[in-house]
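Inspection log for the structure reproduced underneath, given as structure tokens.
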Amino acid sequence: SGDTYGAELQSASPFTHFWSLAIEEQFYMIYPLIVVGALVAAKGSRRVLAWTFGGLCVAGLAWTLILDGSDVARDRLYFGTDVRAVEFLAGALLALWWMRRSDPVRGRARPWLSHAGLAALVGMLVLWATADLQGAWVYRGGLGLYSLVTLTVMLGALQRGSVVDRLLSVRPLVWLGTVSYGVYLLHYPILLFPDAQTDLGVVPRLFIAVPVTLAIAGVSARYFEQPIRRGTMVRGRWAGWAVPVGVVAVVLAALGAGAIGKPGKDRVDLTAAQLQYLELQAEEAAREASPTPKVTAFGDSTA
């Protein structure tokens, strides 16, 4: 829509968090072409493929620094597929390395990886609580560094009997992993609803939104997502109607969620911003004191 991330927070959309899904799908379209091209050119050499991924990671980090030096908006650095692809490529490198192992599911426990995984998990939690997404370090290699933290946690979890393995194997977290996609899709609009319709504080809203999100995601995973994956969703006399009716229901629910908003809030904020901008323009015009007539247009297609 052309808005900045800050503007989205002022007038929250229930679909703001879909940006990450867009980047995933764009990567999934391009990634197979890179893999096939590299394997064909190198006659099936995984080593060449690994060097290709590594080179693209370095190029992506260099491109990020170039963009950062050109004073582009932070949003461009945060949401750009070309910037965030480094994190996907780091995961691809890990996958290539792991495929070389004799036991690709669970490797022989290595103490140093177990310790590194635990340290990375602690660092990850600290970053979740303290990182400022406006900080310059985030866009000067910070996102790439964080991907290495994530990969280290994964490696720690893959060490049999490690602390990370045991921590992430507790039943509630395993269940959360099975419904995580639905939780991601649902959590933001459900969080927005009590914010728009009530005056509850952050903690009460969380106590409402978290269980509702988990409950709906659990039902969705069991009766909607998994049956689709198994090919058992649409059978019998209602098969022809199940999918279109479901799609219409989801769209109507999304449109209803999109209409959520506190009455007058956005209008007041926008008017205040417009008045402030008009005052600045008036002051500038007064300073210039030119006899030449001037016209200023505000807006784009709705000027």
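In the structure tokens, chains take letters A, B, ... by order of appearance, with residues numbered from 1 within each chain and ligands from 1 in the order shown.
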
Open item on the list: Set the distance at 12 Å and use only C-alpha atoms: which residues neighbour Thr52 (chain A) once local chain neighbours fewer than 6 positions away are removed? I'd like the list as a ChimeraX atom specification.
Closed with: /A:31,34-39,41-42,45-46,58-59,89-90,92-93,96

Write a file of the selected residues as a PDB file, in the first residue's frame, keeping N, CA, C and O atoms.
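Output (part.pdb):
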```
ATOM      1  N   TYR A  31      14.500 -19.995  -5.668  1.00  0.00           N
ATOM      2  CA  TYR A  31      15.473 -20.944  -5.133  1.00  0.00           C
ATOM      3  C   TYR A  31      15.624 -22.202  -5.996  1.00  0.00           C
ATOM      4  O   TYR A  31      16.753 -22.614  -6.298  1.00  0.00           O
ATOM      5  N   ILE A  34      17.848 -21.572  -8.973  1.00  0.00           N
ATOM      6  CA  ILE A  34      19.275 -21.467  -8.624  1.00  0.00           C
ATOM      7  C   ILE A  34      19.867 -22.858  -8.419  1.00  0.00           C
ATOM      8  O   ILE A  34      20.970 -23.163  -8.900  1.00  0.00           O
ATOM      9  N   VAL A  35      19.148 -23.718  -7.701  1.00  0.00           N
ATOM     10  CA  VAL A  35      19.650 -25.070  -7.425  1.00  0.00           C
ATOM     11  C   VAL A  35      19.840 -25.847  -8.713  1.00  0.00           C
ATOM     12  O   VAL A  35      20.905 -26.441  -8.957  1.00  0.00           O
ATOM     13  N   VAL A  36      18.818 -25.839  -9.555  1.00  0.00           N
ATOM     14  CA  VAL A  36      18.908 -26.589 -10.814  1.00  0.00           C
ATOM     15  C   VAL A  36      20.024 -26.036 -11.690  1.00  0.00           C
ATOM     16  O   VAL A  36      20.826 -26.789 -12.261  1.00  0.00           O
ATOM     17  N   GLY A  37      20.111 -24.696 -11.795  1.00  0.00           N
ATOM     18  CA  GLY A  37      21.142 -24.086 -12.628  1.00  0.00           C
ATOM     19  C   GLY A  37      22.540 -24.440 -12.156  1.00  0.00           C
ATOM     20  O   GLY A  37      23.413 -24.796 -12.958  1.00  0.00           O
ATOM     21  N   ALA A  38      22.758 -24.368 -10.825  1.00  0.00           N
ATOM     22  CA  ALA A  38      24.084 -24.674 -10.290  1.00  0.00           C
ATOM     23  C   ALA A  38      24.428 -26.153 -10.467  1.00  0.00           C
ATOM     24  O   ALA A  38      25.561 -26.501 -10.824  1.00  0.00           O
ATOM     25  N   LEU A  39      23.464 -27.039 -10.232  1.00  0.00           N
ATOM     26  CA  LEU A  39      23.730 -28.472 -10.358  1.00  0.00           C
ATOM     27  C   LEU A  39      23.976 -28.870 -11.811  1.00  0.00           C
ATOM     28  O   LEU A  39      24.823 -29.720 -12.097  1.00  0.00           O
ATOM     29  N   ALA A  41      25.140 -26.830 -14.207  1.00  0.00           N
ATOM     30  CA  ALA A  41      26.425 -26.261 -14.620  1.00  0.00           C
ATOM     31  C   ALA A  41      27.598 -27.018 -14.009  1.00  0.00           C
ATOM     32  O   ALA A  41      28.662 -27.156 -14.643  1.00  0.00           O
ATOM     33  N   ALA A  42      27.428 -27.522 -12.776  1.00  0.00           N
ATOM     34  CA  ALA A  42      28.519 -28.204 -12.083  1.00  0.00           C
ATOM     35  C   ALA A  42      28.409 -29.723 -12.171  1.00  0.00           C
ATOM     36  O   ALA A  42      29.110 -30.435 -11.461  1.00  0.00           O
ATOM     37  N   SER A  45      27.526 -31.382  -8.750  1.00  0.00           N
ATOM     38  CA  SER A  45      28.437 -31.197  -7.613  1.00  0.00           C
ATOM     39  C   SER A  45      27.758 -30.401  -6.502  1.00  0.00           C
ATOM     40  O   SER A  45      27.380 -29.242  -6.690  1.00  0.00           O
ATOM     41  N   ARG A  46      27.635 -31.036  -5.330  1.00  0.00           N
ATOM     42  CA  ARG A  46      27.080 -30.320  -4.183  1.00  0.00           C
ATOM     43  C   ARG A  46      28.048 -29.262  -3.674  1.00  0.00           C
ATOM     44  O   ARG A  46      27.623 -28.256  -3.092  1.00  0.00           O
ATOM     45  N   VAL A  58      27.261 -13.800   0.768  1.00  0.00           N
ATOM     46  CA  VAL A  58      28.193 -12.670   0.822  1.00  0.00           C
ATOM     47  C   VAL A  58      27.673 -11.506  -0.005  1.00  0.00           C
ATOM     48  O   VAL A  58      27.708 -10.342   0.413  1.00  0.00           O
ATOM     49  N   ALA A  59      27.134 -11.822  -1.196  1.00  0.00           N
ATOM     50  CA  ALA A  59      26.593 -10.764  -2.056  1.00  0.00           C
ATOM     51  C   ALA A  59      25.405 -10.076  -1.397  1.00  0.00           C
ATOM     52  O   ALA A  59      25.262  -8.849  -1.463  1.00  0.00           O
ATOM     53  N   LEU A  89      19.329 -18.625   2.641  1.00  0.00           N
ATOM     54  CA  LEU A  89      20.526 -19.254   2.075  1.00  0.00           C
ATOM     55  C   LEU A  89      21.399 -19.864   3.158  1.00  0.00           C
ATOM     56  O   LEU A  89      22.025 -20.908   2.951  1.00  0.00           O
ATOM     57  N   ALA A  90      21.451 -19.237   4.330  1.00  0.00           N
ATOM     58  CA  ALA A  90      22.197 -19.826   5.442  1.00  0.00           C
ATOM     59  C   ALA A  90      21.589 -21.166   5.834  1.00  0.00           C
ATOM     60  O   ALA A  90      22.302 -22.140   6.118  1.00  0.00           O
ATOM     61  N   ALA A  92      19.960 -23.102   3.792  1.00  0.00           N
ATOM     62  CA  ALA A  92      20.274 -24.027   2.703  1.00  0.00           C
ATOM     63  C   ALA A  92      21.687 -24.595   2.861  1.00  0.00           C
ATOM     64  O   ALA A  92      21.928 -25.781   2.594  1.00  0.00           O
ATOM     65  N   LEU A  93      22.619 -23.759   3.304  1.00  0.00           N
ATOM     66  CA  LEU A  93      23.982 -24.239   3.551  1.00  0.00           C
ATOM     67  C   LEU A  93      24.002 -25.285   4.666  1.00  0.00           C
ATOM     68  O   LEU A  93      24.701 -26.303   4.571  1.00  0.00           O
ATOM     69  N   LEU A  96      22.754 -28.592   3.262  1.00  0.00           N
ATOM     70  CA  LEU A  96      23.768 -29.288   2.463  1.00  0.00           C
ATOM     71  C   LEU A  96      24.808 -29.960   3.351  1.00  0.00           C
ATOM     72  O   LEU A  96      25.220 -31.097   3.095  1.00  0.00           O
TER      73      LEU A  96
END
```

Open item on the list: Quick one: residues within 7 Å of Leu121 (chain A), only C-alpha atoms, excluding same-chain residues fewer than 4 positions away - as a ChimeraX atom specification?
Closed with: /A:117,125,153

Write a file of the selected residues as a PDB file, in the first residue's frame, keeping N, CA and C atoms.
```pdb
ATOM      1  N   GLY A 117      24.696 -24.652  21.199  1.00  0.00           N
ATOM      2  CA  GLY A 117      23.255 -24.536  21.012  1.00  0.00           C
ATOM      3  C   GLY A 117      22.567 -23.907  22.199  1.00  0.00           C
ATOM      4  N   LEU A 125      16.783 -15.612  23.139  1.00  0.00           N
ATOM      5  CA  LEU A 125      15.762 -15.086  24.046  1.00  0.00           C
ATOM      6  C   LEU A 125      16.098 -13.661  24.483  1.00  0.00           C
ATOM      7  N   VAL A 153      21.060 -22.968  17.289  1.00  0.00           N
ATOM      8  CA  VAL A 153      20.019 -23.566  18.127  1.00  0.00           C
ATOM      9  C   VAL A 153      19.522 -24.870  17.502  1.00  0.00           C
TER      10      VAL A 153
END
```

Task: Surrounding residues of region 128-133 of chain A excluding itself and chain neighbours under 3 positions, 12 Å, only C-alpha atoms, as a ChimeraX atom specification - done: /A:5-6,74-75,77-79,121-125,136-140,142-143,146

Task: Selection: 12 Å around Leu206 (chain A), only C-alpha atoms, excl. self and same-chain fewer than 3 positions, as number ranges by chain - done: A: 187-188, 190-195, 200-203, 209-214

Selection export as a short mmCIF file (atom, residue, chain, number, x, y, z; two decimals), in the first residue's frame, atoms kept: all heavy atoms:
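Below is the file result-v4.cif, written as the result:
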```cif
data_model
loop_
_atom_site.label_atom_id
_atom_site.label_comp_id
_atom_site.auth_asym_id
_atom_site.auth_seq_id
_atom_site.Cartn_x
_atom_site.Cartn_y
_atom_site.Cartn_z
N HIS A 187 -2.64 -14.99 15.02
CA HIS A 187 -2.38 -14.27 16.25
C HIS A 187 -2.59 -12.77 16.13
O HIS A 187 -3.11 -12.13 17.05
CB HIS A 187 -0.95 -14.56 16.74
CG HIS A 187 0.11 -13.74 16.08
ND1 HIS A 187 0.58 -14.01 14.81
CD2 HIS A 187 0.79 -12.64 16.51
CE1 HIS A 187 1.51 -13.11 14.49
NE2 HIS A 187 1.66 -12.27 15.50
N TYR A 188 -2.21 -12.18 14.99
CA TYR A 188 -2.23 -10.73 14.89
C TYR A 188 -3.65 -10.16 14.82
O TYR A 188 -4.00 -9.24 15.58
CB TYR A 188 -1.38 -10.27 13.71
CG TYR A 188 -1.02 -8.80 13.78
CD1 TYR A 188 -0.34 -8.29 14.87
CD2 TYR A 188 -1.38 -7.93 12.76
CE1 TYR A 188 -0.02 -6.95 14.95
CE2 TYR A 188 -1.05 -6.59 12.82
CZ TYR A 188 -0.38 -6.10 13.92
OH TYR A 188 -0.06 -4.77 14.00
N ILE A 190 -6.32 -11.54 15.93
CA ILE A 190 -6.97 -11.80 17.21
C ILE A 190 -6.46 -10.84 18.28
O ILE A 190 -7.21 -10.41 19.16
CB ILE A 190 -6.75 -13.27 17.62
CG1 ILE A 190 -7.52 -14.19 16.67
CG2 ILE A 190 -7.18 -13.53 19.06
CD1 ILE A 190 -7.30 -15.67 16.90
N LEU A 191 -5.18 -10.47 18.21
CA LEU A 191 -4.65 -9.47 19.13
C LEU A 191 -5.25 -8.09 18.88
O LEU A 191 -5.46 -7.31 19.80
CB LEU A 191 -3.12 -9.40 19.02
CG LEU A 191 -2.32 -10.44 19.78
CD1 LEU A 191 -0.86 -10.39 19.36
CD2 LEU A 191 -2.44 -10.23 21.28
N LEU A 192 -5.52 -7.79 17.61
CA LEU A 192 -6.06 -6.48 17.28
C LEU A 192 -7.50 -6.30 17.76
O LEU A 192 -7.91 -5.19 18.11
CB LEU A 192 -6.03 -6.26 15.76
CG LEU A 192 -4.67 -6.01 15.13
CD1 LEU A 192 -4.83 -5.80 13.63
CD2 LEU A 192 -4.00 -4.79 15.75
N PHE A 193 -8.27 -7.38 17.76
CA PHE A 193 -9.70 -7.25 18.06
C PHE A 193 -9.96 -6.66 19.44
O PHE A 193 -10.69 -5.66 19.55
CB PHE A 193 -10.39 -8.60 17.90
CG PHE A 193 -11.88 -8.51 18.02
CD1 PHE A 193 -12.66 -8.10 16.96
CD2 PHE A 193 -12.50 -8.82 19.23
CE1 PHE A 193 -14.03 -8.01 17.08
CE2 PHE A 193 -13.87 -8.73 19.36
CZ PHE A 193 -14.65 -8.32 18.28
N PRO A 194 -9.42 -7.21 20.54
CA PRO A 194 -9.68 -6.59 21.84
C PRO A 194 -9.08 -5.20 21.97
O PRO A 194 -9.58 -4.36 22.72
CB PRO A 194 -9.05 -7.57 22.85
CG PRO A 194 -8.07 -8.35 22.06
CD PRO A 194 -8.61 -8.43 20.68
N ASP A 195 -8.02 -4.92 21.24
CA ASP A 195 -7.42 -3.59 21.28
C ASP A 195 -8.37 -2.57 20.68
O ASP A 195 -8.47 -1.43 21.15
CB ASP A 195 -6.09 -3.60 20.52
CG ASP A 195 -5.43 -2.23 20.53
OD1 ASP A 195 -5.39 -1.61 21.61
OD2 ASP A 195 -4.98 -1.78 19.47
N LEU A 200 -8.97 -2.63 27.40
CA LEU A 200 -8.13 -3.49 28.21
C LEU A 200 -6.65 -3.19 27.99
O LEU A 200 -6.25 -2.77 26.90
CB LEU A 200 -8.41 -4.96 27.89
CG LEU A 200 -9.80 -5.48 28.24
CD1 LEU A 200 -9.97 -6.91 27.72
CD2 LEU A 200 -10.03 -5.43 29.74
N GLY A 201 -5.85 -3.42 29.02
CA GLY A 201 -4.42 -3.24 28.89
C GLY A 201 -3.78 -4.38 28.13
O GLY A 201 -4.45 -5.34 27.70
N VAL A 202 -2.46 -4.31 27.98
CA VAL A 202 -1.74 -5.31 27.19
C VAL A 202 -1.86 -6.70 27.78
O VAL A 202 -2.17 -7.67 27.08
CB VAL A 202 -0.24 -4.91 27.08
CG1 VAL A 202 0.54 -6.01 26.37
CG2 VAL A 202 -0.10 -3.59 26.32
N VAL A 203 -1.64 -6.83 29.09
CA VAL A 203 -1.65 -8.15 29.73
C VAL A 203 -3.04 -8.79 29.65
O VAL A 203 -3.15 -9.97 29.26
CB VAL A 203 -1.16 -8.05 31.19
CG1 VAL A 203 -1.31 -9.41 31.89
CG2 VAL A 203 0.29 -7.59 31.22
N ALA A 209 -6.22 -13.24 24.03
CA ALA A 209 -5.82 -13.58 22.66
C ALA A 209 -5.03 -14.88 22.57
O ALA A 209 -5.22 -15.65 21.62
CB ALA A 209 -5.00 -12.43 22.06
N VAL A 210 -4.16 -15.15 23.54
CA VAL A 210 -3.31 -16.34 23.44
C VAL A 210 -4.12 -17.63 23.46
O VAL A 210 -3.98 -18.47 22.57
CB VAL A 210 -2.23 -16.32 24.54
CG1 VAL A 210 -1.51 -17.67 24.60
CG2 VAL A 210 -1.23 -15.20 24.29
N PRO A 211 -5.00 -17.84 24.45
CA PRO A 211 -5.76 -19.09 24.42
C PRO A 211 -6.70 -19.20 23.22
O PRO A 211 -6.89 -20.29 22.68
CB PRO A 211 -6.55 -19.08 25.75
CG PRO A 211 -6.52 -17.67 26.21
CD PRO A 211 -5.27 -17.07 25.68
N VAL A 212 -7.29 -18.06 22.81
CA VAL A 212 -8.18 -18.11 21.64
C VAL A 212 -7.39 -18.49 20.39
O VAL A 212 -7.82 -19.32 19.58
CB VAL A 212 -8.88 -16.74 21.45
CG1 VAL A 212 -9.61 -16.69 20.11
CG2 VAL A 212 -9.85 -16.48 22.59
N THR A 213 -6.21 -17.90 20.23
CA THR A 213 -5.37 -18.21 19.08
C THR A 213 -4.98 -19.68 19.07
O THR A 213 -5.09 -20.37 18.05
CB THR A 213 -4.10 -17.35 19.09
OG1 THR A 213 -4.46 -15.97 19.03
CG2 THR A 213 -3.20 -17.69 17.92
N LEU A 214 -4.53 -20.19 20.21
CA LEU A 214 -4.10 -21.59 20.29
C LEU A 214 -5.26 -22.54 20.03
O LEU A 214 -5.11 -23.57 19.36
CB LEU A 214 -3.48 -21.87 21.65
CG LEU A 214 -2.17 -21.14 21.97
CD1 LEU A 214 -1.71 -21.45 23.39
CD2 LEU A 214 -1.08 -21.52 20.97
#
```

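Using only C-alpha atoms, the smallest distance between any of A:Ala73, A:Ala157, A:Leu168, A:Ala286 and Gln134 (chain A) comes from A:Ala73.
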